[in-house]
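Take a look at the structure below.
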Amino acid sequence: MRKRILKTFLGVLLAFGPGPLLNAEGEEKASPAKTPEALYFQGTVGQKYEWHKSAKADGITIYWCRVGDSPVIAFRGEGIVDGPIEKVSSVIVDTTRATEWVDSLVSSKVLRPVSPMEFIEYDHVGIPFPFTPLMSDRDFVSKATLAADPKTHGISVTYESVDDPSMPPLKKYVRGVMWCEFKMTPMSFPGQTYVEAEIHCDPKGSIAKWLVNFFQESWPQTTFNNLRHQVQKPDIQVLPVIESLLPKPGVKMAKSAR
């Protein structure tokens with residue numbers, strides 16, 4: 001019972017992050033076999049770190065990797081989401097409805113546009129009662145960048161933590177840092193999208209990093225399950241910025257390898 005309460009508490013706190021490679025004693029588990037494909041985590045500085053496959057569940061393949069000297073582990077999930085790419089992409093980008101599917105998200109908003117395909121986003125992650133007196137909420141300020149792939153007709157959304165004068169750190173929250181990317185590629189079967197999600201997130205604060213890694217192992221599966229459910233809602237609207245990234249009528253898409 002005590003362990004379940006602790007896991008619930010820390011799992012909610014770390015809703016944005018990576019990694020199940022450490023056991024309850026803080027010892028590192030044996031590394032899974034390397035993936036046969038050349039998969040690499042690029043991160044914020046373009047350095048390449050190789051992904052390792054760790055599990056597959058609910059049609060989601062999960063990977064992990066260490067990033068330089070960081071004690072926080074990066075995570076990756078990939079799988080099919082039933083929904084057209086424009087709808088899946090809109091769900092991910094739409095801050096006005098992000099609280100409907102992002103775990104423990106209290107609020108999300110666009111602080112300001114940077115360019116037609118870039119904006120600064122603010123996210124506040126809450127800690128539920130009765131744990132609120134023990135731990136501060138987390139918040140994140142990120143630069144979101146959208147891009148289209150003309151070869152696959154795919155769409156990507158990248159989030160990278162930044163310092164922005166429009167939202168300086170608040171005394172009542174702990175400011176976390178993260179790098180996160182969603183890549184969406186239309187499948188050859190109509191109405192399906194192949195999604196790849198990567199994240200490297202440090203919620204900061206005094207919590208031990210091995211606990212961060214231990215309790216964030218469900219991020220890929222939870223994110224995909226919530227995304228799949230959200231996309232099925234009948235009132236999801238395609239955002240104009242997503243429409244602008246879609247191929248024009250008559251443009252043929254390269255055959256999907258998926």
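The way I read the labels, and the way they are meant: chains A, B, ... in the order of the structure tokens, residue 1 as the first residue of every chain, and ligand 1 as the first ligand shown, with later ones counted on from there.
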- Task: Within region 50-253 of chain A, find each residue whose DSSP state, derived from the backbone, is helix (DSSP H, G or I), and express the selection as number ranges by chain.
- Result: A: 85-93, 95-100, 209-215, 219-231, 240-245
Once you have the residues from the selection above, write them out as a short mmCIF file (atom, residue, chain, number, x, y, z; two decimals), in the first residue's frame, restricted to N, CA and C atoms.
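Saved file part_37.cif follows:
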data_model
loop_
_atom_site.label_atom_id
_atom_site.label_comp_id
_atom_site.auth_asym_id
_atom_site.auth_seq_id
_atom_site.Cartn_x
_atom_site.Cartn_y
_atom_site.Cartn_z
N ILE A 85 -3.62 12.18 -40.29
CA ILE A 85 -2.49 12.95 -39.78
C ILE A 85 -2.87 14.36 -39.37
N GLU A 86 -3.80 14.97 -40.10
CA GLU A 86 -4.17 16.34 -39.76
C GLU A 86 -4.89 16.41 -38.40
N LYS A 87 -5.64 15.35 -38.07
CA LYS A 87 -6.35 15.33 -36.79
C LYS A 87 -5.39 15.00 -35.64
N VAL A 88 -4.50 14.03 -35.86
CA VAL A 88 -3.53 13.66 -34.84
C VAL A 88 -2.60 14.84 -34.53
N SER A 89 -2.13 15.52 -35.57
CA SER A 89 -1.23 16.66 -35.38
C SER A 89 -1.93 17.80 -34.66
N SER A 90 -3.19 18.02 -34.99
CA SER A 90 -3.96 19.10 -34.35
C SER A 90 -4.14 18.85 -32.86
N VAL A 91 -4.39 17.58 -32.49
CA VAL A 91 -4.54 17.24 -31.08
C VAL A 91 -3.25 17.57 -30.32
N ILE A 92 -2.11 17.23 -30.89
CA ILE A 92 -0.83 17.45 -30.23
C ILE A 92 -0.52 18.94 -30.07
N VAL A 93 -0.86 19.74 -31.08
CA VAL A 93 -0.50 21.16 -31.09
C VAL A 93 -1.49 22.03 -30.32
N THR A 95 -3.16 23.72 -27.68
CA THR A 95 -3.00 23.94 -26.24
C THR A 95 -4.34 24.14 -25.54
N THR A 96 -5.38 24.54 -26.27
CA THR A 96 -6.66 24.82 -25.64
C THR A 96 -7.35 23.55 -25.12
N ARG A 97 -6.92 22.38 -25.63
CA ARG A 97 -7.53 21.13 -25.19
C ARG A 97 -6.50 20.14 -24.66
N ALA A 98 -5.29 20.60 -24.43
CA ALA A 98 -4.23 19.70 -24.00
C ALA A 98 -4.53 19.04 -22.65
N THR A 99 -5.24 19.74 -21.77
CA THR A 99 -5.55 19.17 -20.46
C THR A 99 -6.49 17.97 -20.55
N GLU A 100 -7.13 17.79 -21.71
CA GLU A 100 -8.04 16.66 -21.87
C GLU A 100 -7.31 15.33 -22.03
N LYS A 209 17.29 11.26 -9.10
CA LYS A 209 17.10 11.00 -10.52
C LYS A 209 16.77 9.54 -10.80
N TRP A 210 17.24 8.61 -9.96
CA TRP A 210 16.88 7.22 -10.20
C TRP A 210 15.39 7.01 -9.98
N LEU A 211 14.79 7.82 -9.08
CA LEU A 211 13.34 7.75 -8.90
C LEU A 211 12.62 8.36 -10.10
N VAL A 212 13.19 9.44 -10.64
CA VAL A 212 12.63 10.04 -11.85
C VAL A 212 12.55 8.98 -12.95
N ASN A 213 13.64 8.27 -13.17
CA ASN A 213 13.69 7.25 -14.21
C ASN A 213 12.75 6.08 -13.91
N PHE A 214 12.73 5.65 -12.65
CA PHE A 214 11.92 4.49 -12.27
C PHE A 214 10.43 4.74 -12.45
N PHE A 215 9.99 5.94 -12.07
CA PHE A 215 8.56 6.20 -12.09
C PHE A 215 8.05 6.82 -13.39
N TRP A 219 5.50 6.63 -19.47
CA TRP A 219 5.20 7.78 -20.32
C TRP A 219 4.83 7.41 -21.75
N PRO A 220 5.60 6.59 -22.48
CA PRO A 220 5.21 6.29 -23.87
C PRO A 220 3.83 5.64 -23.98
N GLN A 221 3.57 4.63 -23.15
CA GLN A 221 2.29 3.93 -23.26
C GLN A 221 1.13 4.82 -22.85
N THR A 222 1.28 5.56 -21.76
CA THR A 222 0.21 6.47 -21.33
C THR A 222 -0.07 7.54 -22.38
N THR A 223 1.00 8.11 -22.94
CA THR A 223 0.84 9.16 -23.94
C THR A 223 0.13 8.65 -25.18
N PHE A 224 0.52 7.48 -25.67
CA PHE A 224 -0.11 6.92 -26.85
C PHE A 224 -1.57 6.55 -26.59
N ASN A 225 -1.86 5.94 -25.46
CA ASN A 225 -3.24 5.57 -25.15
C ASN A 225 -4.13 6.79 -25.04
N ASN A 226 -3.65 7.83 -24.38
CA ASN A 226 -4.43 9.06 -24.24
C ASN A 226 -4.61 9.76 -25.59
N LEU A 227 -3.55 9.77 -26.40
CA LEU A 227 -3.64 10.38 -27.72
C LEU A 227 -4.64 9.63 -28.59
N ARG A 228 -4.60 8.32 -28.57
CA ARG A 228 -5.55 7.52 -29.36
C ARG A 228 -6.99 7.81 -28.96
N HIS A 229 -7.22 7.95 -27.67
CA HIS A 229 -8.57 8.23 -27.19
C HIS A 229 -9.01 9.64 -27.59
N GLN A 230 -8.13 10.61 -27.46
CA GLN A 230 -8.46 12.00 -27.78
C GLN A 230 -8.79 12.18 -29.25
N VAL A 231 -8.04 11.52 -30.12
CA VAL A 231 -8.24 11.65 -31.57
C VAL A 231 -9.62 11.16 -31.99
N PRO A 240 -5.64 25.61 -38.41
CA PRO A 240 -5.16 26.23 -39.66
C PRO A 240 -3.67 26.03 -39.90
N VAL A 241 -2.85 26.07 -38.84
CA VAL A 241 -1.41 25.90 -39.02
C VAL A 241 -1.10 24.49 -39.52
N ILE A 242 -1.88 23.50 -39.12
CA ILE A 242 -1.70 22.14 -39.61
C ILE A 242 -2.15 22.03 -41.06
N GLU A 243 -3.25 22.66 -41.39
CA GLU A 243 -3.73 22.66 -42.77
C GLU A 243 -2.68 23.23 -43.72
N SER A 244 -1.97 24.26 -43.27
CA SER A 244 -0.96 24.88 -44.11
C SER A 244 0.23 23.96 -44.38
N LEU A 245 0.42 22.95 -43.53
CA LEU A 245 1.52 22.01 -43.71
C LEU A 245 1.15 20.79 -44.55
#
Could you pull out all residues of region 48-241 of chain A with a DSSP call of strand (DSSP E or B) and give them as a compact mmCIF listing (two decimals) with N, CA and C atoms, in the first residue's frame?
# COMPACT_ATOMS: atom_id res chain seq x y z
N TYR A 49 22.71 9.78 -29.82
CA TYR A 49 22.79 8.76 -28.80
C TYR A 49 21.88 7.62 -29.23
N GLU A 50 22.40 6.40 -29.20
CA GLU A 50 21.65 5.28 -29.77
C GLU A 50 20.54 4.80 -28.85
N HIS A 52 17.80 2.03 -27.43
CA HIS A 52 17.77 0.60 -27.14
C HIS A 52 16.30 0.20 -26.95
N LYS A 53 15.91 -0.86 -27.59
CA LYS A 53 14.53 -1.33 -27.48
C LYS A 53 14.33 -2.02 -26.13
N SER A 54 13.23 -1.66 -25.43
CA SER A 54 13.01 -2.23 -24.10
C SER A 54 11.71 -3.01 -23.99
N ALA A 55 10.68 -2.65 -24.76
CA ALA A 55 9.39 -3.33 -24.60
C ALA A 55 8.48 -3.05 -25.79
N LYS A 56 7.43 -3.87 -25.88
CA LYS A 56 6.37 -3.62 -26.85
C LYS A 56 5.06 -4.01 -26.21
N ALA A 57 4.11 -3.07 -26.19
CA ALA A 57 2.81 -3.30 -25.57
C ALA A 57 1.76 -2.45 -26.25
N ILE A 60 2.69 -0.53 -29.23
CA ILE A 60 3.64 0.57 -29.04
C ILE A 60 5.02 -0.02 -28.75
N THR A 61 6.00 0.33 -29.54
CA THR A 61 7.37 -0.11 -29.28
C THR A 61 8.08 0.98 -28.48
N ILE A 62 8.73 0.58 -27.40
CA ILE A 62 9.32 1.53 -26.45
C ILE A 62 10.84 1.37 -26.45
N TYR A 63 11.53 2.51 -26.43
CA TYR A 63 12.98 2.53 -26.42
C TYR A 63 13.47 3.45 -25.30
N TRP A 64 14.74 3.29 -24.94
CA TRP A 64 15.38 4.18 -23.98
C TRP A 64 16.79 4.50 -24.47
N CYS A 65 17.36 5.58 -23.95
CA CYS A 65 18.78 5.84 -24.18
C CYS A 65 19.30 6.83 -23.14
N ALA A 74 16.34 9.31 -21.56
CA ALA A 74 15.42 9.70 -22.62
C ALA A 74 14.55 8.50 -23.00
N PHE A 75 13.35 8.79 -23.48
CA PHE A 75 12.42 7.73 -23.85
C PHE A 75 11.82 7.98 -25.23
N ARG A 76 11.44 6.88 -25.86
CA ARG A 76 10.84 6.95 -27.20
C ARG A 76 9.73 5.90 -27.29
N GLY A 77 8.63 6.30 -27.93
CA GLY A 77 7.56 5.36 -28.24
C GLY A 77 7.16 5.53 -29.69
N GLU A 78 6.78 4.45 -30.34
CA GLU A 78 6.31 4.55 -31.72
C GLU A 78 5.22 3.52 -31.96
N GLY A 79 4.23 3.93 -32.75
CA GLY A 79 3.11 3.04 -33.04
C GLY A 79 2.06 3.73 -33.88
N ILE A 80 1.01 3.01 -34.20
CA ILE A 80 -0.05 3.52 -35.07
C ILE A 80 -1.16 4.15 -34.23
N VAL A 81 -1.64 5.29 -34.69
CA VAL A 81 -2.81 5.95 -34.10
C VAL A 81 -3.90 5.98 -35.16
N ASP A 82 -5.08 5.50 -34.80
CA ASP A 82 -6.20 5.50 -35.75
C ASP A 82 -6.77 6.91 -35.88
N LEU A 105 -1.82 17.53 -16.49
CA LEU A 105 -1.64 18.89 -16.99
C LEU A 105 -2.77 19.78 -16.47
N VAL A 106 -2.40 20.84 -15.75
CA VAL A 106 -3.38 21.76 -15.18
C VAL A 106 -3.77 22.83 -16.19
N SER A 107 -2.77 23.35 -16.91
CA SER A 107 -3.04 24.38 -17.90
C SER A 107 -1.95 24.38 -18.97
N SER A 108 -2.32 24.88 -20.14
CA SER A 108 -1.38 24.99 -21.26
C SER A 108 -1.82 26.16 -22.12
N LYS A 109 -0.87 26.98 -22.54
CA LYS A 109 -1.23 28.13 -23.36
C LYS A 109 -0.06 28.59 -24.21
N VAL A 110 -0.40 29.27 -25.30
CA VAL A 110 0.62 29.89 -26.14
C VAL A 110 0.92 31.26 -25.56
N LEU A 111 2.18 31.50 -25.22
CA LEU A 111 2.58 32.79 -24.67
C LEU A 111 2.72 33.84 -25.76
N ARG A 112 3.34 33.44 -26.88
CA ARG A 112 3.49 34.38 -27.99
C ARG A 112 3.99 33.63 -29.23
N PRO A 113 3.64 34.10 -30.41
CA PRO A 113 4.19 33.51 -31.64
C PRO A 113 5.62 33.99 -31.87
N VAL A 114 6.43 33.16 -32.48
CA VAL A 114 7.79 33.53 -32.86
C VAL A 114 7.88 33.71 -34.36
N SER A 115 7.21 32.82 -35.08
CA SER A 115 7.13 32.86 -36.54
C SER A 115 5.86 32.08 -36.92
N GLU A 118 6.40 28.68 -35.39
CA GLU A 118 7.03 28.60 -34.07
C GLU A 118 6.25 29.42 -33.06
N PHE A 119 6.18 28.92 -31.84
CA PHE A 119 5.55 29.69 -30.78
C PHE A 119 6.12 29.26 -29.43
N ILE A 120 5.97 30.13 -28.43
CA ILE A 120 6.41 29.84 -27.07
C ILE A 120 5.20 29.34 -26.29
N GLU A 121 5.37 28.17 -25.66
CA GLU A 121 4.26 27.53 -24.94
C GLU A 121 4.58 27.41 -23.45
N TYR A 122 3.56 27.58 -22.63
CA TYR A 122 3.69 27.41 -21.19
C TYR A 122 2.80 26.25 -20.73
N ASP A 123 3.36 25.36 -19.91
CA ASP A 123 2.61 24.22 -19.39
C ASP A 123 2.80 24.11 -17.88
N HIS A 124 1.71 23.89 -17.19
CA HIS A 124 1.71 23.76 -15.73
C HIS A 124 1.22 22.35 -15.38
N VAL A 125 2.07 21.59 -14.69
CA VAL A 125 1.74 20.23 -14.27
C VAL A 125 1.45 20.24 -12.78
N ASP A 137 4.24 22.11 -7.57
CA ASP A 137 3.92 21.81 -8.95
C ASP A 137 5.12 22.10 -9.85
N ARG A 138 5.11 21.54 -11.04
CA ARG A 138 6.14 21.80 -12.04
C ARG A 138 5.55 22.63 -13.18
N ASP A 139 6.41 23.46 -13.79
CA ASP A 139 5.98 24.14 -15.01
C ASP A 139 7.11 24.15 -16.02
N PHE A 140 6.76 24.35 -17.27
CA PHE A 140 7.70 24.29 -18.39
C PHE A 140 7.41 25.42 -19.37
N VAL A 141 8.45 26.05 -19.86
CA VAL A 141 8.33 27.03 -20.94
C VAL A 141 9.13 26.49 -22.12
N SER A 142 8.48 26.31 -23.25
CA SER A 142 9.12 25.66 -24.39
C SER A 142 8.88 26.42 -25.68
N LYS A 143 9.85 26.31 -26.57
CA LYS A 143 9.67 26.80 -27.93
C LYS A 143 9.19 25.64 -28.77
N ALA A 144 8.00 25.76 -29.36
CA ALA A 144 7.44 24.72 -30.21
C ALA A 144 7.71 25.07 -31.67
N THR A 145 8.19 24.09 -32.43
CA THR A 145 8.51 24.29 -33.84
C THR A 145 7.81 23.22 -34.67
N LEU A 146 7.05 23.66 -35.66
CA LEU A 146 6.35 22.74 -36.56
C LEU A 146 7.08 22.69 -37.89
N ALA A 147 7.07 21.51 -38.51
CA ALA A 147 7.72 21.36 -39.82
C ALA A 147 7.03 20.26 -40.61
N ALA A 148 7.12 20.35 -41.93
CA ALA A 148 6.56 19.34 -42.82
C ALA A 148 7.68 18.62 -43.55
N ASP A 149 7.48 17.34 -43.82
CA ASP A 149 8.42 16.56 -44.61
C ASP A 149 7.82 16.36 -46.00
N GLY A 154 4.84 13.98 -43.98
CA GLY A 154 4.73 13.92 -42.54
C GLY A 154 4.81 15.30 -41.90
N ILE A 155 4.46 15.36 -40.63
CA ILE A 155 4.49 16.59 -39.85
C ILE A 155 5.21 16.31 -38.54
N SER A 156 6.07 17.21 -38.12
CA SER A 156 6.76 17.06 -36.84
C SER A 156 6.53 18.28 -35.97
N VAL A 157 6.51 18.04 -34.66
CA VAL A 157 6.38 19.12 -33.67
C VAL A 157 7.47 18.90 -32.62
N THR A 158 8.32 19.89 -32.44
CA THR A 158 9.43 19.78 -31.50
C THR A 158 9.27 20.82 -30.39
N TYR A 159 9.48 20.40 -29.15
CA TYR A 159 9.40 21.28 -28.00
C TYR A 159 10.77 21.31 -27.32
N GLU A 160 11.28 22.51 -27.09
CA GLU A 160 12.57 22.66 -26.44
C GLU A 160 12.49 23.76 -25.39
N SER A 161 12.89 23.45 -24.17
CA SER A 161 12.81 24.43 -23.08
C SER A 161 13.64 25.67 -23.38
N TYR A 173 6.22 27.36 -8.13
CA TYR A 173 6.44 26.17 -8.93
C TYR A 173 7.94 25.91 -9.12
N VAL A 174 8.28 24.68 -9.48
CA VAL A 174 9.64 24.33 -9.87
C VAL A 174 9.67 24.28 -11.39
N ARG A 175 10.59 25.01 -11.99
CA ARG A 175 10.69 25.09 -13.45
C ARG A 175 11.52 23.89 -13.98
N VAL A 177 12.86 21.28 -17.23
CA VAL A 177 13.39 21.44 -18.58
C VAL A 177 13.14 20.16 -19.37
N MET A 178 12.91 20.31 -20.67
CA MET A 178 12.67 19.14 -21.49
C MET A 178 12.95 19.40 -22.96
N TRP A 179 13.16 18.32 -23.67
CA TRP A 179 13.20 18.30 -25.13
C TRP A 179 12.26 17.19 -25.54
N CYS A 180 11.32 17.49 -26.44
CA CYS A 180 10.31 16.51 -26.83
C CYS A 180 9.98 16.69 -28.30
N GLU A 181 9.76 15.58 -28.99
CA GLU A 181 9.41 15.66 -30.41
C GLU A 181 8.38 14.60 -30.76
N PHE A 182 7.39 15.01 -31.55
CA PHE A 182 6.41 14.11 -32.14
C PHE A 182 6.58 14.15 -33.65
N LYS A 183 6.70 12.98 -34.26
CA LYS A 183 6.74 12.88 -35.72
C LYS A 183 5.54 12.06 -36.18
N MET A 184 4.76 12.62 -37.10
CA MET A 184 3.58 11.96 -37.63
C MET A 184 3.76 11.69 -39.12
N THR A 185 3.50 10.46 -39.54
CA THR A 185 3.61 10.08 -40.95
C THR A 185 2.33 9.37 -41.35
N PRO A 186 1.67 9.79 -42.45
CA PRO A 186 0.45 9.09 -42.88
C PRO A 186 0.76 7.68 -43.35
N GLN A 192 -5.02 6.32 -40.89
CA GLN A 192 -4.08 5.90 -39.87
C GLN A 192 -2.80 6.74 -39.95
N THR A 193 -2.21 6.97 -38.80
CA THR A 193 -0.98 7.78 -38.71
C THR A 193 0.05 7.05 -37.87
N TYR A 194 1.27 7.00 -38.38
CA TYR A 194 2.37 6.42 -37.61
C TYR A 194 3.01 7.53 -36.80
N VAL A 195 3.05 7.35 -35.49
CA VAL A 195 3.54 8.39 -34.58
C VAL A 195 4.81 7.92 -33.89
N GLU A 196 5.81 8.79 -33.86
CA GLU A 196 7.05 8.56 -33.12
C GLU A 196 7.18 9.71 -32.12
N ALA A 197 7.33 9.37 -30.85
CA ALA A 197 7.42 10.38 -29.80
C ALA A 197 8.69 10.17 -28.99
N GLU A 198 9.47 11.23 -28.81
CA GLU A 198 10.71 11.17 -28.05
C GLU A 198 10.70 12.26 -26.98
N ILE A 199 11.27 11.96 -25.84
CA ILE A 199 11.31 12.95 -24.78
C ILE A 199 12.53 12.75 -23.89
N HIS A 200 13.11 13.87 -23.50
CA HIS A 200 14.16 13.88 -22.47
C HIS A 200 13.80 15.02 -21.53
N CYS A 201 13.37 14.67 -20.33
CA CYS A 201 12.77 15.66 -19.43
C CYS A 201 13.32 15.52 -18.03
N ASP A 202 13.70 16.66 -17.45
CA ASP A 202 14.15 16.70 -16.07
C ASP A 202 13.21 17.62 -15.30
- Message: Under the rule that only C-alpha atoms are counted, which of A:Trp101, A:Lys48, A:Ile236, A:Lys172 is the nearest residue to Thr132 (chain A)?
- Response: A:Lys172
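Taking CA of Ser136 (chain A) and CA of Pro203 (chain A) as the two end points, the separation is 10.8 Å.
Among A:Val72, A:Ser218, A:Lys171, A:His153, the residue with the shortest atom-to-atom distance to Lys248 (chain A), counting only C-alpha atoms, is A:His153.
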